[in-house]
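Asker: Just so it is clear, I am handing over run01.pdb, which has PDB, C-alpha atoms.
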ATOM      1  CA  MET A   1      -9.301 -21.348 -17.117
ATOM      2  CA  THR A   2     -10.484 -17.959 -15.862
ATOM      3  CA  THR A   3     -11.218 -15.299 -18.476
ATOM      4  CA  PHE A   4     -10.123 -11.826 -17.449
ATOM      5  CA  ALA A   5     -11.108  -8.471 -18.908
ATOM      6  CA  VAL A   6      -8.810  -6.431 -21.123
ATOM      7  CA  PRO A   7      -6.282  -4.588 -18.912
ATOM      8  CA  VAL A   8      -7.197  -1.108 -17.696
ATOM      9  CA  LEU A   9      -4.217   1.227 -17.692
ATOM     10  CA  THR A  10      -3.207   4.769 -16.956
ATOM     11  CA  HIS A  11      -0.094   6.318 -18.490
ATOM     12  CA  ARG A  12       2.390   8.892 -17.229
ATOM     13  CA  GLY A  13       5.821  10.218 -18.204
ATOM     14  CA  ALA A  14       7.530  10.037 -21.587
ATOM     15  CA  THR A  15       5.455   9.389 -24.696
ATOM     16  CA  ASP A  16       8.418   8.278 -26.825
ATOM     17  CA  PRO A  17       7.682   4.658 -27.838
ATOM     18  CA  ASP A  18      11.393   3.893 -27.555
ATOM     19  CA  ALA A  19      11.653   5.070 -23.951
ATOM     20  CA  PRO A  20      12.036   2.285 -21.377
ATOM     21  CA  LEU A  21       8.658   1.353 -19.920
ATOM     22  CA  VAL A  22       8.140   1.125 -16.172
ATOM     23  CA  VAL A  23       5.079  -0.962 -15.314
ATOM     24  CA  LEU A  24       3.611   0.033 -11.938
ATOM     25  CA  LEU A  25       1.768  -2.720 -10.054
ATOM     26  CA  HIS A  26      -0.478  -1.635  -7.188
ATOM     27  CA  GLY A  27      -1.172  -3.339  -3.889
ATOM     28  CA  ARG A  28      -4.068  -5.611  -2.998
ATOM     29  CA  GLY A  29      -7.409  -3.798  -2.816
ATOM     30  CA  SER A  30      -6.013  -0.719  -4.578
ATOM     31  CA  ASP A  31      -6.050   0.336  -8.232
ATOM     32  CA  GLU A  32      -3.943   1.736 -11.041
ATOM     33  CA  GLU A  33      -4.694   5.397 -10.312
ATOM     34  CA  GLN A  34      -3.219   5.219  -6.821
ATOM     35  CA  ILE A  35       0.058   3.624  -7.883
ATOM     36  CA  ALA A  36       0.329   5.979 -10.873
ATOM     37  CA  THR A  37       0.941   8.895  -8.493
ATOM     38  CA  LEU A  38       4.455   7.554  -7.933
ATOM     39  CA  ALA A  39       5.389   8.518 -11.491
ATOM     40  CA  GLY A  40       5.371  12.210 -10.635
ATOM     41  CA  HIS A  41       8.343  11.604  -8.323
ATOM     42  CA  LEU A  42      10.357   9.428 -10.713
ATOM     43  CA  PRO A  43      12.612  10.083 -13.736
ATOM     44  CA  ARG A  44      10.768  11.953 -16.499
ATOM     45  CA  ARG A  45      12.726  10.298 -19.303
ATOM     46  CA  LEU A  46      10.914   7.034 -18.631
ATOM     47  CA  ALA A  47       7.410   5.994 -19.664
ATOM     48  CA  TYR A  48       5.067   4.668 -16.993
ATOM     49  CA  ALA A  49       2.076   2.369 -17.322
ATOM     50  CA  ALA A  50       0.042   1.591 -14.215
ATOM     51  CA  VAL A  51      -2.020  -1.551 -14.720
ATOM     52  CA  ARG A  52      -5.215  -2.506 -12.890
ATOM     53  CA  ALA A  53      -5.090  -6.023 -11.443
ATOM     54  CA  PRO A  54      -7.684  -8.357 -12.984
ATOM     55  CA  ILE A  55      -9.467  -9.681  -9.858
ATOM     56  CA  ALA A  56     -12.028  -7.456  -8.092
ATOM     57  CA  GLU A  57     -11.562  -7.359  -4.337
ATOM     58  CA  GLY A  58     -12.697  -5.108  -1.501
ATOM     59  CA  GLY A  59     -13.567  -2.082  -3.618
ATOM     60  CA  GLY A  60     -10.264  -2.441  -5.441
ATOM     61  CA  PHE A  61      -8.388  -5.149  -7.282
ATOM     62  CA  ALA A  62      -5.959  -8.021  -6.660
ATOM     63  CA  TRP A  63      -3.325  -9.815  -8.692
ATOM     64  CA  PHE A  64      -4.069 -13.334  -7.475
ATOM     65  CA  ALA A  65      -6.136 -15.371  -5.054
ATOM     66  CA  ASN A  66      -4.439 -15.711  -1.680
ATOM     67  CA  ARG A  67      -4.038 -18.586   0.732
ATOM     68  CA  GLY A  68      -2.810 -16.104   3.326
ATOM     69  CA  ILE A  69      -1.128 -12.707   3.138
ATOM     70  CA  GLY A  70       1.840 -12.905   0.789
ATOM     71  CA  ARG A  71       1.027 -16.485  -0.209
ATOM     72  CA  PRO A  72      -0.485 -16.659  -3.720
ATOM     73  CA  VAL A  73      -2.527 -19.615  -4.888
ATOM     74  CA  ALA A  74      -0.214 -21.102  -7.533
ATOM     75  CA  GLU A  75      -2.917 -21.697 -10.145
ATOM     76  CA  SER A  76      -4.275 -18.175  -9.750
ATOM     77  CA  LEU A  77      -0.832 -16.601 -10.024
ATOM     78  CA  ALA A  78      -0.082 -18.613 -13.175
ATOM     79  CA  GLU A  79      -3.345 -17.444 -14.788
ATOM     80  CA  THR A  80      -2.863 -13.769 -14.016
ATOM     81  CA  MET A  81       0.795 -13.810 -15.072
ATOM     82  CA  ALA A  82      -0.240 -15.352 -18.412
ATOM     83  CA  TRP A  83      -2.925 -12.664 -18.804
ATOM     84  CA  PHE A  84      -0.356  -9.935 -18.094
ATOM     85  CA  ARG A  85       2.200 -11.366 -20.495
ATOM     86  CA  ARG A  86      -0.359 -11.615 -23.305
ATOM     87  CA  TRP A  87      -1.058  -7.897 -22.927
ATOM     88  CA  LEU A  88       2.596  -6.950 -22.600
ATOM     89  CA  ASP A  89       3.793  -9.060 -25.532
ATOM     90  CA  ALA A  90       1.015  -7.727 -27.779
ATOM     91  CA  GLU A  91       1.595  -4.064 -26.901
ATOM     92  CA  HIS A  92       5.293  -3.909 -25.988
ATOM     93  CA  GLY A  93       6.872  -7.074 -27.313
ATOM     94  CA  ALA A  94      10.366  -5.731 -27.965
ATOM     95  CA  ARG A  95      10.416  -2.891 -25.442
ATOM     96  CA  GLN A  96      12.730  -2.563 -22.469
ATOM     97  CA  VAL A  97      10.475  -3.083 -19.433
ATOM     98  CA  LEU A  98      11.049  -2.601 -15.710
ATOM     99  CA  LEU A  99       8.580  -3.804 -13.093
ATOM    100  CA  VAL A 100       7.792  -1.807  -9.949
ATOM    101  CA  GLY A 101       5.428  -3.550  -7.540
ATOM    102  CA  PHE A 102       4.122  -2.501  -4.142
ATOM    103  CA  SER A 103       2.871  -5.044  -1.552
ATOM    104  CA  GLY A 104       0.659  -7.512  -3.473
ATOM    105  CA  GLY A 105       2.020  -5.975  -6.665
ATOM    106  CA  ALA A 106       5.524  -6.746  -5.392
ATOM    107  CA  ALA A 107       4.643 -10.443  -5.138
ATOM    108  CA  PHE A 108       3.195 -10.301  -8.652
ATOM    109  CA  ALA A 109       6.294  -8.538  -9.988
ATOM    110  CA  GLY A 110       8.405 -11.154  -8.233
ATOM    111  CA  GLY A 111       6.450 -13.942  -9.898
ATOM    112  CA  LEU A 112       6.955 -12.421 -13.341
ATOM    113  CA  LEU A 113      10.636 -11.892 -12.598
ATOM    114  CA  LEU A 114      11.257 -15.429 -11.380
ATOM    115  CA  ALA A 115       9.244 -17.006 -14.190
ATOM    116  CA  ASP A 116      11.274 -15.289 -16.938
ATOM    117  CA  PRO A 117      14.244 -13.343 -15.516
ATOM    118  CA  GLN A 118      15.734 -12.337 -18.848
ATOM    119  CA  ARG A 119      12.546 -10.629 -20.045
ATOM    120  CA  TRP A 120      12.962  -7.718 -17.640
ATOM    121  CA  ALA A 121      15.399  -4.818 -17.506
ATOM    122  CA  GLY A 122      14.863  -4.856 -13.756
ATOM    123  CA  ALA A 123      12.291  -5.253 -11.007
ATOM    124  CA  ALA A 124      11.560  -3.408  -7.772
ATOM    125  CA  VAL A 125      10.001  -5.376  -4.915
ATOM    126  CA  LEU A 126       8.620  -2.708  -2.581
ATOM    127  CA  LEU A 127       7.203  -3.582   0.845
ATOM    128  CA  GLY A 128       6.366  -7.108  -0.223
ATOM    129  CA  THR A 129       7.536 -10.673  -0.609
ATOM    130  CA  LEU A 130       8.593 -12.851  -3.475
ATOM    131  CA  PRO A 131       5.912 -15.498  -4.168
ATOM    132  CA  PHE A 132       7.557 -18.492  -2.542
ATOM    133  CA  ASP A 133       5.861 -21.897  -2.829
ATOM    134  CA  ALA A 134       3.613 -20.604  -5.618
ATOM    135  CA  GLY A 135       4.862 -22.481  -8.659
ATOM    136  CA  VAL A 136       7.710 -20.188  -9.766
ATOM    137  CA  PRO A 137      11.389 -21.213  -9.648
ATOM    138  CA  VAL A 138      13.533 -19.885  -6.793
ATOM    139  CA  GLU A 139      16.699 -21.893  -7.234
ATOM    140  CA  ASP A 140      20.148 -20.469  -6.549
ATOM    141  CA  GLY A 141      21.347 -18.122  -9.280
ATOM    142  CA  ARG A 142      17.877 -17.758 -10.808
ATOM    143  CA  LEU A 143      18.201 -13.967 -11.137
ATOM    144  CA  ALA A 144      21.867 -13.878 -12.136
ATOM    145  CA  GLY A 145      22.801 -10.363 -13.220
ATOM    146  CA  VAL A 146      19.238  -8.989 -13.249
ATOM    147  CA  PRO A 147      18.909  -5.559 -11.590
ATOM    148  CA  VAL A 148      16.604  -5.881  -8.575
ATOM    149  CA  LEU A 149      15.628  -3.352  -5.916
ATOM    150  CA  VAL A 150      14.199  -4.630  -2.648
ATOM    151  CA  ALA A 151      12.821  -2.143  -0.122
ATOM    152  CA  GLN A 152      11.343  -3.058   3.240
ATOM    153  CA  GLY A 153      10.096  -1.312   6.364
ATOM    154  CA  ALA A 154      11.476  -2.593   9.643
ATOM    155  CA  ALA A 155       8.095  -1.950  11.307
ATOM    156  CA  ASP A 156       5.995  -3.573   8.553
ATOM    157  CA  THR A 157       3.315  -5.677  10.261
ATOM    158  CA  VAL A 158       1.212  -6.391   7.148
ATOM    159  CA  ILE A 159       3.481  -8.804   5.282
ATOM    160  CA  PRO A 160       4.524 -11.724   7.527
ATOM    161  CA  ARG A 161       8.020 -11.140   8.853
ATOM    162  CA  GLU A 162       9.133 -14.637   7.878
ATOM    163  CA  LEU A 163       8.325 -13.837   4.224
ATOM    164  CA  LEU A 164      10.050 -10.463   4.321
ATOM    165  CA  ASP A 165      13.139 -12.078   5.846
ATOM    166  CA  ARG A 166      13.088 -14.947   3.353
ATOM    167  CA  THR A 167      12.845 -12.470   0.474
ATOM    168  CA  TRP A 168      15.697 -10.350   1.857
ATOM    169  CA  SER A 169      17.905 -13.415   2.369
ATOM    170  CA  TYR A 170      17.174 -14.998  -1.002
ATOM    171  CA  LEU A 171      17.870 -11.814  -2.924
ATOM    172  CA  HIS A 172      21.075 -11.125  -0.995
ATOM    173  CA  ASP A 173      22.509 -14.608  -0.624
ATOM    174  CA  SER A 174      21.504 -16.904  -3.454
ATOM    175  CA  SER A 175      19.483 -15.248  -6.245
ATOM    176  CA  GLY A 176      22.496 -13.850  -8.096
ATOM    177  CA  ALA A 177      20.646 -10.576  -8.719
ATOM    178  CA  ALA A 178      22.437  -7.268  -9.209
ATOM    179  CA  LEU A 179      20.853  -6.090  -5.984
ATOM    180  CA  THR A 180      20.067  -2.718  -4.495
ATOM    181  CA  ALA A 181      18.601  -3.063  -0.997
ATOM    182  CA  HIS A 182      16.968  -0.530   1.278
ATOM    183  CA  ARG A 183      15.418  -0.948   4.699
ATOM    184  CA  ASP A 184      14.003   1.962   6.647
ATOM    185  CA  PRO A 185      12.341   2.140  10.072
ATOM    186  CA  GLY A 186       8.843   2.680   8.703
ATOM    187  CA  GLY A 187       5.869   0.385   8.314
ATOM    188  CA  HIS A 188       3.871  -0.839   5.327
ATOM    189  CA  GLY A 189       4.111   2.223   3.119
ATOM    190  CA  ILE A 190       6.445   3.848   0.624
ATOM    191  CA  SER A 191       8.389   6.381   2.663
ATOM    192  CA  ALA A 192      10.130   9.436   1.251
ATOM    193  CA  ASP A 193      13.462   7.639   1.669
ATOM    194  CA  THR A 194      12.218   4.563  -0.182
ATOM    195  CA  LEU A 195      10.859   6.751  -2.978
ATOM    196  CA  ALA A 196      14.230   8.488  -3.260
ATOM    197  CA  VAL A 197      15.991   5.112  -3.511
ATOM    198  CA  LEU A 198      13.540   4.004  -6.214
ATOM    199  CA  ASP A 199      14.106   7.276  -8.109
ATOM    200  CA  GLY A 200      17.873   6.764  -7.993
ATOM    201  CA  TRP A 201      17.606   3.120  -9.028
ATOM    202  CA  LEU A 202      15.451   3.968 -12.047
ATOM    203  CA  ALA A 203      17.721   6.862 -12.988
ATOM    204  CA  ALA A 204      20.831   4.673 -13.103
ATOM    205  CA  PRO A 205      22.026   3.936 -16.642
TER
END
Reformat the file's structure so that it appears as structure tokens.
Answerer:
Amino acid sequence: MTTFAVPVLTHRGATDPDAPLVVLLHGRGSDEEQIATLAGHLPRRLAYAAVRAPIAEGGGFAWFANRGIGRPVAESLAETMAWFRRWLDAEHGARQVLLVGFSGGAAFAGGLLLADPQRWAGAAVLLGTLPFDAGVPVEDGRLAGVPVLVAQGAADTVIPRELLDRTWSYLHDSSGAALTAHRDPGGHGISADTLAVLDGWLAAP
């Protein structure tokens, strides 16, 4: 089993320990400081924790070993999800938590969501794919009633189109999620429109 370092975090937003916590999960090769900038555009009543992924890669960090873009190695994903949950349960065991993941962080958020749907108050899968064929359940109805936001760019050429389409179809047709979906004409980046949709989704009661 791989031993990972203690999580590195940066915090934004509300300091009330009872405020819902939004965990921001950055993309592959990025870090927690970059994703934390989103918090300045999102509801102030919420607390934000941006977490650094545990695997060093390309001057930044990654959430799991890959067998191709958007295709996590199952054993690696299981190890990093366990690492994340140990931190979260120790620091925020009873807290209401929402996951917001971008690109590789979206796949990681999707893995956490599918592994334990009832743990999360919601999850946003931004410009990424769910981690299909990576050891997490994706049966029909798996996300019944869980608030999920999926946002994609029609011109995204980073994440394989087949994975984006499979994610879109699963969340719409068989997951059972309480789904909010947004697709804009952009590429592999969080557009102003996508950010506005995320802001509205987080602001909803």
Asker: Set the distance at 8 Å and use all atoms listed in the file: which residues neighbour Ser175 (chain A) once local chain neighbours fewer than 3 positions away are removed? I'd like the list as a list in words.
Answerer: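 Surrounding residues, per the criterion: Val138, Glu139, Asp140, Gly141, Arg142, Leu143, Ala144, Tyr170, Leu171 and His172 of chain A.
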Asker: Near Leu130 (chain A), counting only C-alpha atoms, which residues have an atom at most 7 Å away, once you skip same-chain residues fewer than 3 positions from it, shown as an mmCIF file with C-alpha atoms, keeping the file's coordinate frame?
Answerer:
data_model
loop_
_atom_site.group_PDB
_atom_site.id
_atom_site.type_symbol
_atom_site.label_atom_id
_atom_site.label_comp_id
_atom_site.auth_asym_id
_atom_site.auth_seq_id
_atom_site.Cartn_x
_atom_site.Cartn_y
_atom_site.Cartn_z
ATOM 1 C CA ALA A 107 4.643 -10.443 -5.138
ATOM 2 C CA GLY A 110 8.405 -11.154 -8.233
ATOM 3 C CA GLY A 111 6.450 -13.942 -9.898
ATOM 4 C CA THR A 167 12.845 -12.470 0.474
#
Asker: Output the residue selection produced by the PyMOL selection byres ((chain A and resi 159) around 9) on the file above, formatted as a list in words.
Answerer: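 Taken on the displayed file, the PyMOL selection byres ((chain A and resi 159) around 9) yields the residues Ile69, Gly70, Ser103, Leu127, Gly128, Thr129, Asp156, Thr157, Val158, Pro160, Arg161, Glu162, Leu163, Leu164 and His188 of chain A.
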Asker: Using all atoms listed in the file, which residue out of A:Leu9, A:Leu112, A:Ala65, A:Gly186 lies closest to Ala155 (chain A)?
Answerer: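 For Ala155 (chain A), the nearest of the given residues is A:Gly186.
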Asker: Between CA of Arg52 (chain A) and CA of Glu32 (chain A), what is the distance, to one decimal in Å?
Answerer: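 Calculated distance between CA of Arg52 (chain A) and CA of Glu32 (chain A) is 4.8 Å.
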Asker: As a check of understanding, name the residues that the PyMOL selection byres ((chain A and resi 98) around 7) selects in the supplied structure, as a short mmCIF file (atom, residue, chain, number, x, y, z; two decimals) with C-alpha atoms, in the coordinates of the input.
Answerer:
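The resulting file, result38.cif, is reproduced below:
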data_model
loop_
_atom_site.label_atom_id
_atom_site.label_comp_id
_atom_site.auth_asym_id
_atom_site.auth_seq_id
_atom_site.Cartn_x
_atom_site.Cartn_y
_atom_site.Cartn_z
CA LEU A 21 8.66 1.35 -19.92
CA VAL A 22 8.14 1.12 -16.17
CA VAL A 23 5.08 -0.96 -15.31
CA GLN A 96 12.73 -2.56 -22.47
CA VAL A 97 10.48 -3.08 -19.43
CA LEU A 99 8.58 -3.80 -13.09
CA VAL A 100 7.79 -1.81 -9.95
CA TRP A 120 12.96 -7.72 -17.64
CA ALA A 121 15.40 -4.82 -17.51
CA GLY A 122 14.86 -4.86 -13.76
CA ALA A 123 12.29 -5.25 -11.01
#
Asker: Enter the distance from CA of Gly176 (chain A) to CA of Pro20 (chain A), in Å, rounded to one decimal.
Answerer: 23.4 Å
Asker: Need to verify the contact set: region 82-92 of chain A, 8 Å, all atoms listed in the file, exclusion of same-chain residues closer than 4 positions in sequence. Can you return it as a ChimeraX atom specification?
Answerer: /A:4,7,78
